[in-house]
>>> print(open('final11.cif').read())   # mmCIF, N, CA, C and O atoms
data_final
#
loop_
_atom_site.group_PDB
_atom_site.id
_atom_site.type_symbol
_atom_site.label_atom_id
_atom_site.label_comp_id
_atom_site.auth_asym_id
_atom_site.auth_seq_id
_atom_site.Cartn_x
_atom_site.Cartn_y
_atom_site.Cartn_z
ATOM 1 N N MET G 1 14.668 9.034 -0.185
ATOM 2 C CA MET G 1 13.433 9.680 -0.551
ATOM 3 C C MET G 1 12.450 9.572 0.613
ATOM 4 O O MET G 1 12.303 8.529 1.227
ATOM 5 N N SER G 2 11.746 10.646 0.881
ATOM 6 C CA SER G 2 10.721 10.660 1.906
ATOM 7 C C SER G 2 9.437 10.045 1.350
ATOM 8 O O SER G 2 9.071 10.279 0.202
ATOM 9 N N VAL G 3 8.772 9.267 2.163
ATOM 10 C CA VAL G 3 7.502 8.663 1.746
ATOM 11 C C VAL G 3 6.489 9.766 1.437
ATOM 12 O O VAL G 3 5.727 9.678 0.478
ATOM 13 N N PHE G 4 6.496 10.824 2.229
ATOM 14 C CA PHE G 4 5.515 11.900 2.068
ATOM 15 C C PHE G 4 5.662 12.654 0.749
ATOM 16 O O PHE G 4 4.690 13.209 0.246
ATOM 17 N N SER G 5 6.863 12.678 0.186
ATOM 18 C CA SER G 5 7.065 13.370 -1.086
ATOM 19 C C SER G 5 7.054 12.412 -2.277
ATOM 20 O O SER G 5 7.254 12.828 -3.415
ATOM 21 N N HIS G 6 6.821 11.136 -2.031
ATOM 22 C CA HIS G 6 6.751 10.139 -3.102
ATOM 23 C C HIS G 6 5.595 10.489 -4.038
ATOM 24 O O HIS G 6 4.515 10.882 -3.593
ATOM 25 N N SER G 7 5.792 10.345 -5.323
ATOM 26 C CA SER G 7 4.775 10.736 -6.308
ATOM 27 C C SER G 7 3.457 9.967 -6.161
ATOM 28 O O SER G 7 2.405 10.443 -6.577
ATOM 29 N N GLU G 8 3.479 8.784 -5.551
ATOM 30 C CA GLU G 8 2.269 7.968 -5.387
ATOM 31 C C GLU G 8 1.690 8.046 -3.977
ATOM 32 O O GLU G 8 0.746 7.326 -3.659
ATOM 33 N N PHE G 9 2.214 8.913 -3.108
ATOM 34 C CA PHE G 9 1.769 8.950 -1.707
ATOM 35 C C PHE G 9 0.275 9.238 -1.577
ATOM 36 O O PHE G 9 -0.425 8.545 -0.848
ATOM 37 N N ASP G 10 -0.246 10.233 -2.232
ATOM 38 C CA ASP G 10 -1.688 10.506 -2.317
ATOM 39 C C ASP G 10 -2.400 10.470 -0.961
ATOM 40 O O ASP G 10 -3.455 9.871 -0.812
ATOM 41 N N ASP G 11 -1.804 11.085 0.047
ATOM 42 C CA ASP G 11 -2.410 11.201 1.387
ATOM 43 C C ASP G 11 -2.799 9.866 2.008
ATOM 44 O O ASP G 11 -3.875 9.735 2.615
ATOM 45 N N HIS G 12 -1.961 8.853 1.873
ATOM 46 C CA HIS G 12 -2.208 7.576 2.543
ATOM 47 C C HIS G 12 -2.335 7.817 4.049
ATOM 48 O O HIS G 12 -1.652 8.673 4.610
ATOM 49 N N GLN G 13 -3.196 7.055 4.693
ATOM 50 C CA GLN G 13 -3.389 7.211 6.134
ATOM 51 C C GLN G 13 -2.246 6.597 6.931
ATOM 52 O O GLN G 13 -1.895 7.094 7.996
ATOM 53 N N GLN G 14 -1.678 5.510 6.415
ATOM 54 C CA GLN G 14 -0.591 4.862 7.143
ATOM 55 C C GLN G 14 0.273 4.059 6.188
ATOM 56 O O GLN G 14 -0.242 3.380 5.300
ATOM 57 N N VAL G 15 1.579 4.141 6.386
ATOM 58 C CA VAL G 15 2.535 3.319 5.653
ATOM 59 C C VAL G 15 3.520 2.799 6.696
ATOM 60 O O VAL G 15 4.148 3.589 7.410
ATOM 61 N N ALA G 16 3.628 1.474 6.807
ATOM 62 C CA ALA G 16 4.495 0.861 7.810
ATOM 63 C C ALA G 16 5.515 -0.049 7.130
ATOM 64 O O ALA G 16 5.188 -0.757 6.178
ATOM 65 N N PHE G 17 6.738 -0.028 7.638
ATOM 66 C CA PHE G 17 7.840 -0.816 7.090
ATOM 67 C C PHE G 17 8.283 -1.844 8.123
ATOM 68 O O PHE G 17 8.399 -1.533 9.310
ATOM 69 N N PHE G 18 8.526 -3.076 7.655
ATOM 70 C CA PHE G 18 8.934 -4.162 8.534
ATOM 71 C C PHE G 18 10.147 -4.873 7.940
ATOM 72 O O PHE G 18 10.280 -4.969 6.723
ATOM 73 N N ASN G 19 11.004 -5.384 8.825
ATOM 74 C CA ASN G 19 12.199 -6.101 8.394
ATOM 75 C C ASN G 19 12.486 -7.222 9.382
ATOM 76 O O ASN G 19 12.553 -7.001 10.585
ATOM 77 N N ASP G 20 12.602 -8.441 8.854
ATOM 78 C CA ASP G 20 12.998 -9.583 9.675
ATOM 79 C C ASP G 20 14.310 -10.110 9.125
ATOM 80 O O ASP G 20 14.327 -10.814 8.107
ATOM 81 N N SER G 21 15.404 -9.728 9.772
ATOM 82 C CA SER G 21 16.710 -10.106 9.239
ATOM 83 C C SER G 21 16.970 -11.612 9.300
ATOM 84 O O SER G 21 17.714 -12.144 8.483
ATOM 85 N N ALA G 22 16.345 -12.315 10.231
ATOM 86 C CA ALA G 22 16.544 -13.766 10.321
ATOM 87 C C ALA G 22 16.044 -14.477 9.067
ATOM 88 O O ALA G 22 16.688 -15.406 8.566
ATOM 89 N N SER G 23 14.913 -14.040 8.537
ATOM 90 C CA SER G 23 14.360 -14.680 7.344
ATOM 91 C C SER G 23 14.683 -13.916 6.062
ATOM 92 O O SER G 23 14.498 -14.431 4.968
ATOM 93 N N GLY G 24 15.117 -12.660 6.203
ATOM 94 C CA GLY G 24 15.384 -11.831 5.031
ATOM 95 C C GLY G 24 14.149 -11.133 4.496
ATOM 96 O O GLY G 24 14.181 -10.492 3.455
ATOM 97 N N LEU G 25 13.027 -11.252 5.213
ATOM 98 C CA LEU G 25 11.776 -10.656 4.767
ATOM 99 C C LEU G 25 11.771 -9.151 5.014
ATOM 100 O O LEU G 25 12.089 -8.682 6.102
ATOM 101 N N LYS G 26 11.423 -8.410 3.984
ATOM 102 C CA LYS G 26 11.148 -6.979 4.093
ATOM 103 C C LYS G 26 9.705 -6.806 3.643
ATOM 104 O O LYS G 26 9.285 -7.398 2.650
ATOM 105 N N ALA G 27 8.935 -5.996 4.365
ATOM 106 C CA ALA G 27 7.525 -5.822 4.022
ATOM 107 C C ALA G 27 7.106 -4.369 4.211
ATOM 108 O O ALA G 27 7.637 -3.670 5.066
ATOM 109 N N ILE G 28 6.143 -3.955 3.398
ATOM 110 C CA ILE G 28 5.541 -2.632 3.514
ATOM 111 C C ILE G 28 4.037 -2.832 3.536
ATOM 112 O O ILE G 28 3.486 -3.544 2.693
ATOM 113 N N ILE G 29 3.371 -2.210 4.492
ATOM 114 C CA ILE G 29 1.908 -2.221 4.552
ATOM 115 C C ILE G 29 1.448 -0.789 4.344
ATOM 116 O O ILE G 29 1.901 0.118 5.045
ATOM 117 N N ALA G 30 0.551 -0.591 3.385
ATOM 118 C CA ALA G 30 0.027 0.742 3.104
ATOM 119 C C ALA G 30 -1.488 0.737 3.246
ATOM 120 O O ALA G 30 -2.169 -0.081 2.630
ATOM 121 N N VAL G 31 -1.996 1.638 4.069
ATOM 122 C CA VAL G 31 -3.435 1.836 4.224
ATOM 123 C C VAL G 31 -3.749 3.170 3.566
ATOM 124 O O VAL G 31 -3.295 4.214 4.021
ATOM 125 N N HIS G 32 -4.515 3.117 2.490
ATOM 126 C CA HIS G 32 -4.810 4.336 1.746
ATOM 127 C C HIS G 32 -5.949 5.123 2.381
ATOM 128 O O HIS G 32 -5.819 6.306 2.653
ATOM 129 N N ASN G 33 -7.094 4.462 2.621
ATOM 130 C CA ASN G 33 -8.253 5.196 3.080
ATOM 131 C C ASN G 33 -9.207 4.269 3.820
ATOM 132 O O ASN G 33 -9.506 3.181 3.341
ATOM 133 N N THR G 34 -9.687 4.700 4.967
ATOM 134 C CA THR G 34 -10.646 3.907 5.745
ATOM 135 C C THR G 34 -11.933 4.684 6.012
ATOM 136 O O THR G 34 -12.650 4.387 6.963
ATOM 137 N N ASN G 35 -12.244 5.655 5.186
ATOM 138 C CA ASN G 35 -13.460 6.451 5.394
ATOM 139 C C ASN G 35 -14.731 5.617 5.311
ATOM 140 O O ASN G 35 -15.704 5.900 6.005
ATOM 141 N N LEU G 36 -14.764 4.597 4.469
ATOM 142 C CA LEU G 36 -15.958 3.765 4.319
ATOM 143 C C LEU G 36 -15.975 2.569 5.267
ATOM 144 O O LEU G 36 -16.994 1.908 5.419
ATOM 145 N N GLY G 37 -14.834 2.251 5.872
ATOM 146 C CA GLY G 37 -14.749 1.101 6.765
ATOM 147 C C GLY G 37 -13.325 0.592 6.851
ATOM 148 O O GLY G 37 -12.401 1.223 6.341
ATOM 149 N N PRO G 38 -13.119 -0.567 7.487
ATOM 150 C CA PRO G 38 -11.786 -1.135 7.623
ATOM 151 C C PRO G 38 -11.140 -1.379 6.252
ATOM 152 O O PRO G 38 -11.837 -1.616 5.270
ATOM 153 N N ALA G 39 -9.852 -1.340 6.221
ATOM 154 C CA ALA G 39 -9.128 -1.486 4.959
ATOM 155 C C ALA G 39 -9.151 -2.926 4.453
ATOM 156 O O ALA G 39 -8.950 -3.868 5.204
ATOM 157 N N LEU G 40 -9.393 -3.062 3.146
ATOM 158 C CA LEU G 40 -9.406 -4.343 2.454
ATOM 159 C C LEU G 40 -8.196 -4.390 1.526
ATOM 160 O O LEU G 40 -7.901 -3.412 0.840
ATOM 161 N N GLY G 41 -7.506 -5.501 1.510
ATOM 162 C CA GLY G 41 -6.384 -5.636 0.583
ATOM 163 C C GLY G 41 -5.632 -6.922 0.841
ATOM 164 O O GLY G 41 -5.649 -7.444 1.950
ATOM 165 N N GLY G 42 -4.994 -7.415 -0.177
ATOM 166 C CA GLY G 42 -4.275 -8.674 -0.069
ATOM 167 C C GLY G 42 -2.790 -8.487 0.093
ATOM 168 O O GLY G 42 -2.291 -7.383 0.258
ATOM 169 N N CYS G 43 -2.095 -9.590 0.017
ATOM 170 C CA CYS G 43 -0.648 -9.612 0.190
ATOM 171 C C CYS G 43 0.008 -9.977 -1.143
ATOM 172 O O CYS G 43 -0.401 -10.930 -1.799
ATOM 173 N N ARG G 44 0.990 -9.209 -1.543
ATOM 174 C CA ARG G 44 1.738 -9.511 -2.761
ATOM 175 C C ARG G 44 3.182 -9.822 -2.358
ATOM 176 O O ARG G 44 3.835 -9.023 -1.704
ATOM 177 N N MET G 45 3.652 -10.980 -2.764
ATOM 178 C CA MET G 45 5.061 -11.342 -2.542
ATOM 179 C C MET G 45 5.734 -11.314 -3.902
ATOM 180 O O MET G 45 5.346 -12.059 -4.810
ATOM 181 N N TRP G 46 6.728 -10.433 -4.030
ATOM 182 C CA TRP G 46 7.368 -10.226 -5.313
ATOM 183 C C TRP G 46 8.826 -9.834 -5.097
ATOM 184 O O TRP G 46 9.117 -9.058 -4.194
ATOM 185 N N PRO G 47 9.732 -10.334 -5.920
ATOM 186 C CA PRO G 47 11.148 -9.961 -5.777
ATOM 187 C C PRO G 47 11.435 -8.619 -6.474
ATOM 188 O O PRO G 47 11.878 -8.578 -7.619
ATOM 189 N N TYR G 48 11.127 -7.525 -5.812
ATOM 190 C CA TYR G 48 11.331 -6.202 -6.404
ATOM 191 C C TYR G 48 12.807 -5.909 -6.598
ATOM 192 O O TYR G 48 13.655 -6.342 -5.815
ATOM 193 N N ALA G 49 13.111 -5.145 -7.635
ATOM 194 C CA ALA G 49 14.491 -4.781 -7.939
ATOM 195 C C ALA G 49 15.052 -3.788 -6.918
ATOM 196 O O ALA G 49 16.258 -3.734 -6.710
ATOM 197 N N SER G 50 14.149 -3.005 -6.288
ATOM 198 C CA SER G 50 14.612 -2.012 -5.305
ATOM 199 C C SER G 50 13.501 -1.745 -4.294
ATOM 200 O O SER G 50 12.334 -2.053 -4.537
ATOM 201 N N ASP G 51 13.889 -1.156 -3.178
ATOM 202 C CA ASP G 51 12.908 -0.780 -2.163
ATOM 203 C C ASP G 51 11.959 0.284 -2.705
ATOM 204 O O ASP G 51 10.771 0.277 -2.391
ATOM 205 N N ASP G 52 12.470 1.198 -3.523
ATOM 206 C CA ASP G 52 11.628 2.248 -4.106
ATOM 207 C C ASP G 52 10.570 1.649 -5.036
ATOM 208 O O ASP G 52 9.422 2.093 -5.043
ATOM 209 N N GLU G 53 10.941 0.622 -5.792
ATOM 210 C CA GLU G 53 9.973 -0.052 -6.669
ATOM 211 C C GLU G 53 8.873 -0.721 -5.847
ATOM 212 O O GLU G 53 7.693 -0.659 -6.198
ATOM 213 N N ALA G 54 9.244 -1.328 -4.724
ATOM 214 C CA ALA G 54 8.262 -1.961 -3.839
ATOM 215 C C ALA G 54 7.327 -0.919 -3.233
ATOM 216 O O ALA G 54 6.109 -1.125 -3.169
ATOM 217 N N LEU G 55 7.880 0.208 -2.803
ATOM 218 C CA LEU G 55 7.061 1.275 -2.226
ATOM 219 C C LEU G 55 6.077 1.829 -3.253
ATOM 220 O O LEU G 55 4.897 2.015 -2.949
ATOM 221 N N THR G 56 6.546 2.070 -4.454
ATOM 222 C CA THR G 56 5.661 2.568 -5.519
ATOM 223 C C THR G 56 4.512 1.602 -5.753
ATOM 224 O O THR G 56 3.348 2.008 -5.848
ATOM 225 N N ASP G 57 4.800 0.316 -5.811
ATOM 226 C CA ASP G 57 3.772 -0.692 -6.069
ATOM 227 C C ASP G 57 2.743 -0.753 -4.946
ATOM 228 O O ASP G 57 1.537 -0.766 -5.201
ATOM 229 N N VAL G 58 3.193 -0.777 -3.692
ATOM 230 C CA VAL G 58 2.247 -0.892 -2.582
ATOM 231 C C VAL G 58 1.369 0.357 -2.475
ATOM 232 O O VAL G 58 0.178 0.260 -2.163
ATOM 233 N N LEU G 59 1.910 1.527 -2.770
ATOM 234 C CA LEU G 59 1.106 2.748 -2.727
ATOM 235 C C LEU G 59 0.052 2.749 -3.828
ATOM 236 O O LEU G 59 -1.110 3.099 -3.595
ATOM 237 N N ARG G 60 0.439 2.335 -5.022
ATOM 238 C CA ARG G 60 -0.520 2.279 -6.133
ATOM 239 C C ARG G 60 -1.605 1.242 -5.883
ATOM 240 O O ARG G 60 -2.790 1.480 -6.119
ATOM 241 N N LEU G 61 -1.213 0.059 -5.425
ATOM 242 C CA LEU G 61 -2.173 -1.022 -5.210
ATOM 243 C C LEU G 61 -3.149 -0.712 -4.082
ATOM 244 O O LEU G 61 -4.338 -1.021 -4.192
ATOM 245 N N SER G 62 -2.678 -0.101 -3.014
ATOM 246 C CA SER G 62 -3.581 0.220 -1.904
ATOM 247 C C SER G 62 -4.597 1.286 -2.319
ATOM 248 O O SER G 62 -5.772 1.215 -1.950
ATOM 249 N N ARG G 63 -4.165 2.264 -3.096
ATOM 250 C CA ARG G 63 -5.101 3.274 -3.616
ATOM 251 C C ARG G 63 -6.120 2.599 -4.541
ATOM 252 O O ARG G 63 -7.313 2.890 -4.483
ATOM 253 N N GLY G 64 -5.668 1.676 -5.357
ATOM 254 C CA GLY G 64 -6.570 0.934 -6.241
ATOM 255 C C GLY G 64 -7.612 0.143 -5.465
ATOM 256 O O GLY G 64 -8.775 0.066 -5.874
ATOM 257 N N MET G 65 -7.231 -0.418 -4.330
ATOM 258 C CA MET G 65 -8.188 -1.160 -3.504
ATOM 259 C C MET G 65 -9.246 -0.236 -2.914
ATOM 260 O O MET G 65 -10.408 -0.626 -2.774
ATOM 261 N N THR G 66 -8.873 0.999 -2.590
ATOM 262 C CA THR G 66 -9.860 1.971 -2.113
ATOM 263 C C THR G 66 -10.913 2.198 -3.176
ATOM 264 O O THR G 66 -12.127 2.162 -2.903
ATOM 265 N N TYR G 67 -10.473 2.414 -4.415
ATOM 266 C CA TYR G 67 -11.408 2.675 -5.510
ATOM 267 C C TYR G 67 -12.251 1.445 -5.835
ATOM 268 O O TYR G 67 -13.447 1.554 -6.094
ATOM 269 N N LYS G 68 -11.640 0.249 -5.832
ATOM 270 C CA LYS G 68 -12.397 -0.983 -6.105
ATOM 271 C C LYS G 68 -13.492 -1.197 -5.073
ATOM 272 O O LYS G 68 -14.624 -1.540 -5.419
ATOM 273 N N SER G 69 -13.164 -0.980 -3.807
ATOM 274 C CA SER G 69 -14.152 -1.156 -2.744
ATOM 275 C C SER G 69 -15.299 -0.165 -2.894
ATOM 276 O O SER G 69 -16.464 -0.520 -2.733
ATOM 277 N N ALA G 70 -14.964 1.077 -3.200
ATOM 278 C CA ALA G 70 -15.992 2.110 -3.361
ATOM 279 C C ALA G 70 -16.889 1.800 -4.559
ATOM 280 O O ALA G 70 -18.116 1.913 -4.471
ATOM 281 N N LEU G 71 -16.296 1.394 -5.679
ATOM 282 C CA LEU G 71 -17.084 1.084 -6.871
ATOM 283 C C LEU G 71 -17.982 -0.138 -6.669
ATOM 284 O O LEU G 71 -19.059 -0.226 -7.251
ATOM 285 N N ALA G 72 -17.536 -1.071 -5.832
ATOM 286 C CA ALA G 72 -18.336 -2.261 -5.533
ATOM 287 C C ALA G 72 -19.357 -1.987 -4.427
ATOM 288 O O ALA G 72 -20.069 -2.889 -3.997
ATOM 289 N N ASN G 73 -19.391 -0.741 -3.960
ATOM 290 C CA ASN G 73 -20.318 -0.316 -2.907
ATOM 291 C C ASN G 73 -20.129 -1.113 -1.627
ATOM 292 O O ASN G 73 -21.092 -1.456 -0.942
ATOM 293 N N LEU G 74 -18.869 -1.434 -1.299
ATOM 294 C CA LEU G 74 -18.542 -2.131 -0.066
ATOM 295 C C LEU G 74 -18.275 -1.112 1.041
ATOM 296 O O LEU G 74 -17.808 -0.007 0.759
ATOM 297 N N GLN G 75 -18.554 -1.447 2.240
ATOM 298 C CA GLN G 75 -18.258 -0.583 3.376
ATOM 299 C C GLN G 75 -16.837 -0.874 3.859
ATOM 300 O O GLN G 75 -16.602 -1.176 5.031
ATOM 301 N N LEU G 76 -15.867 -0.766 2.919
ATOM 302 C CA LEU G 76 -14.467 -1.072 3.206
ATOM 303 C C LEU G 76 -13.573 -0.046 2.547
ATOM 304 O O LEU G 76 -13.923 0.531 1.518
ATOM 305 N N GLY G 77 -12.408 0.167 3.127
ATOM 306 C CA GLY G 77 -11.405 1.043 2.551
ATOM 307 C C GLY G 77 -10.391 0.224 1.773
ATOM 308 O O GLY G 77 -10.620 -0.941 1.459
ATOM 309 N N GLY G 78 -9.224 0.824 1.509
ATOM 310 C CA GLY G 78 -8.220 0.140 0.711
ATOM 311 C C GLY G 78 -6.857 0.076 1.361
ATOM 312 O O GLY G 78 -6.408 1.021 1.993
ATOM 313 N N ALA G 79 -6.209 -1.084 1.215
ATOM 314 C CA ALA G 79 -4.865 -1.289 1.741
ATOM 315 C C ALA G 79 -4.168 -2.352 0.908
ATOM 316 O O ALA G 79 -4.773 -3.028 0.080
ATOM 317 N N LYS G 80 -2.884 -2.525 1.151
ATOM 318 C CA LYS G 80 -2.109 -3.584 0.484
ATOM 319 C C LYS G 80 -0.902 -3.880 1.352
ATOM 320 O O LYS G 80 -0.346 -3.012 1.998
ATOM 321 N N ARG G 81 -0.479 -5.135 1.330
ATOM 322 C CA ARG G 81 0.749 -5.497 2.032
ATOM 323 C C ARG G 81 1.569 -6.392 1.163
ATOM 324 O O ARG G 81 1.131 -6.994 0.241
#
>>> encode(input="final11.cif", output="structure tokens")
Amino acid sequence: MSVFSHSEFDDHQQVAFFNDSASGLKAIIAVHNTNLGPALGGCRMWPYASDDEALTDVLRLSRGMTYKSALANLQLGGAKR
């Protein structure tokens, strides 16, 4: 599946994928929107059942951080890793 056609993509500014085979770590960083300022968002470590499930979660959470920052009147955008 292409990230751009993913149902939760919603015009994210950046989505980056990382893999460290030595430790087994796979990570996705999603930056949804930085129009108000640098992206704000935390790190979630979770044993996802699939890579697609992880991608869906990071896209939804980063978009949610954009909205939370805007509603709190912060000069920050939204991201998640």
>>> residues_around(input="final11.cif", residues="region 31-40 of chain G", least_positions_apart="2", cutoff="4.5 Å", atoms="all atoms listed in the file", output="list in words")
Asp11, His12, Gln13, Gln14, Ile29, Gln75, Leu76, Gly77, Gly78 and Ala79 of chain G
>>> residues_around(input="final11.cif", residues="region 54-66 of chain G", least_positions_apart="2", cutoff="4.5 Å", atoms="all atoms listed in the file", output="list in words")
Ser50, Asp51, Asp52, Lys68, Ser69, Ala70, Gly77, Gly78, Ala79 and Lys80 of chain G
>>> closest_residue(input="final11.cif", among="G:Phe9, G:Met45, G:Ser2, G:Tyr67", to="Lys26 (chain G)", atoms="all atoms listed in the file")
G:Met45
>>> atom_distance(input="final11.cif", atom1="CA of Val15 (chain G)", atom2="CA of Arg81 (chain G)")
9.7 Å
>>> atom_distance(input="final11.cif", atom1="atom C of Ser21 (chain G)", atom2="atom C of Cys43 (chain G)")
20.0 Å
>>> atom_distance(input="final11.cif", atom1="atom O of Asp20 (chain G)", atom2="atom N of Gly41 (chain G)")
23.4 Å
>>> axis_aligned_box(input="final11.cif", around="region 20-27 of chain G", padding_each_side="4 Å", output="lines of an AutoDock Vina configuration file")
center_x = 12.4
center_y = -9.5
center_z = 6.5
size_x = 18.6
size_y = 19.7
size_z = 15.7
>>> select_by_dssp(input="final11.cif", residues="chain G", states="alpha helix (DSSP H)", output="ChimeraX atom specification")
/G:51-71
>>> build_atoms(input="final11.cif", residues="region 2-11 of chain G", atoms="all heavy atoms", output="short mmCIF file (atom, residue, chain, number, x, y, z; two decimals), in the coordinates of the input")
data_model
loop_
_atom_site.label_atom_id
_atom_site.label_comp_id
_atom_site.auth_asym_id
_atom_site.auth_seq_id
_atom_site.Cartn_x
_atom_site.Cartn_y
_atom_site.Cartn_z
N SER G 2 11.75 10.65 0.88
CA SER G 2 10.72 10.66 1.91
C SER G 2 9.44 10.04 1.35
O SER G 2 9.07 10.28 0.20
CB SER G 2 10.45 12.10 2.34
OG SER G 2 9.28 12.16 3.12
N VAL G 3 8.77 9.27 2.16
CA VAL G 3 7.50 8.66 1.75
C VAL G 3 6.49 9.77 1.44
O VAL G 3 5.73 9.68 0.48
CB VAL G 3 6.95 7.73 2.85
CG1 VAL G 3 5.56 7.23 2.50
CG2 VAL G 3 7.89 6.57 3.07
N PHE G 4 6.50 10.82 2.23
CA PHE G 4 5.52 11.90 2.07
C PHE G 4 5.66 12.65 0.75
O PHE G 4 4.69 13.21 0.25
CB PHE G 4 5.61 12.88 3.24
CG PHE G 4 5.33 12.23 4.56
CD1 PHE G 4 6.36 12.02 5.47
CD2 PHE G 4 4.06 11.81 4.90
CE1 PHE G 4 6.11 11.41 6.69
CE2 PHE G 4 3.80 11.20 6.13
CZ PHE G 4 4.84 11.01 7.01
N SER G 5 6.86 12.68 0.19
CA SER G 5 7.06 13.37 -1.09
C SER G 5 7.05 12.41 -2.28
O SER G 5 7.25 12.83 -3.42
CB SER G 5 8.38 14.16 -1.06
OG SER G 5 9.47 13.27 -0.90
N HIS G 6 6.82 11.14 -2.03
CA HIS G 6 6.75 10.14 -3.10
C HIS G 6 5.60 10.49 -4.04
O HIS G 6 4.51 10.88 -3.59
CB HIS G 6 6.55 8.75 -2.51
CG HIS G 6 6.79 7.64 -3.48
ND1 HIS G 6 5.87 7.31 -4.46
CD2 HIS G 6 7.81 6.78 -3.62
CE1 HIS G 6 6.33 6.30 -5.16
NE2 HIS G 6 7.52 5.95 -4.66
N SER G 7 5.79 10.34 -5.32
CA SER G 7 4.78 10.74 -6.31
C SER G 7 3.46 9.97 -6.16
O SER G 7 2.40 10.44 -6.58
CB SER G 7 5.32 10.55 -7.73
OG SER G 7 5.63 9.19 -7.96
N GLU G 8 3.48 8.78 -5.55
CA GLU G 8 2.27 7.97 -5.39
C GLU G 8 1.69 8.05 -3.98
O GLU G 8 0.75 7.33 -3.66
CB GLU G 8 2.58 6.50 -5.72
CG GLU G 8 3.07 6.27 -7.13
CD GLU G 8 2.02 6.59 -8.19
OE1 GLU G 8 0.82 6.55 -7.90
OE2 GLU G 8 2.43 6.89 -9.33
N PHE G 9 2.21 8.91 -3.11
CA PHE G 9 1.77 8.95 -1.71
C PHE G 9 0.28 9.24 -1.58
O PHE G 9 -0.42 8.54 -0.85
CB PHE G 9 2.57 9.96 -0.89
CG PHE G 9 2.15 10.02 0.54
CD1 PHE G 9 2.35 8.94 1.38
CD2 PHE G 9 1.52 11.15 1.04
CE1 PHE G 9 1.94 8.98 2.70
CE2 PHE G 9 1.11 11.20 2.36
CZ PHE G 9 1.33 10.12 3.20
N ASP G 10 -0.25 10.23 -2.23
CA ASP G 10 -1.69 10.51 -2.32
C ASP G 10 -2.40 10.47 -0.96
O ASP G 10 -3.46 9.87 -0.81
CB ASP G 10 -2.34 9.50 -3.29
CG ASP G 10 -3.77 9.88 -3.65
OD1 ASP G 10 -4.06 11.07 -3.78
OD2 ASP G 10 -4.60 8.95 -3.76
N ASP G 11 -1.80 11.08 0.05
CA ASP G 11 -2.41 11.20 1.39
C ASP G 11 -2.80 9.87 2.01
O ASP G 11 -3.88 9.74 2.62
CB ASP G 11 -3.63 12.14 1.36
CG ASP G 11 -3.23 13.57 1.09
OD1 ASP G 11 -2.14 13.97 1.56
OD2 ASP G 11 -3.98 14.28 0.42
#
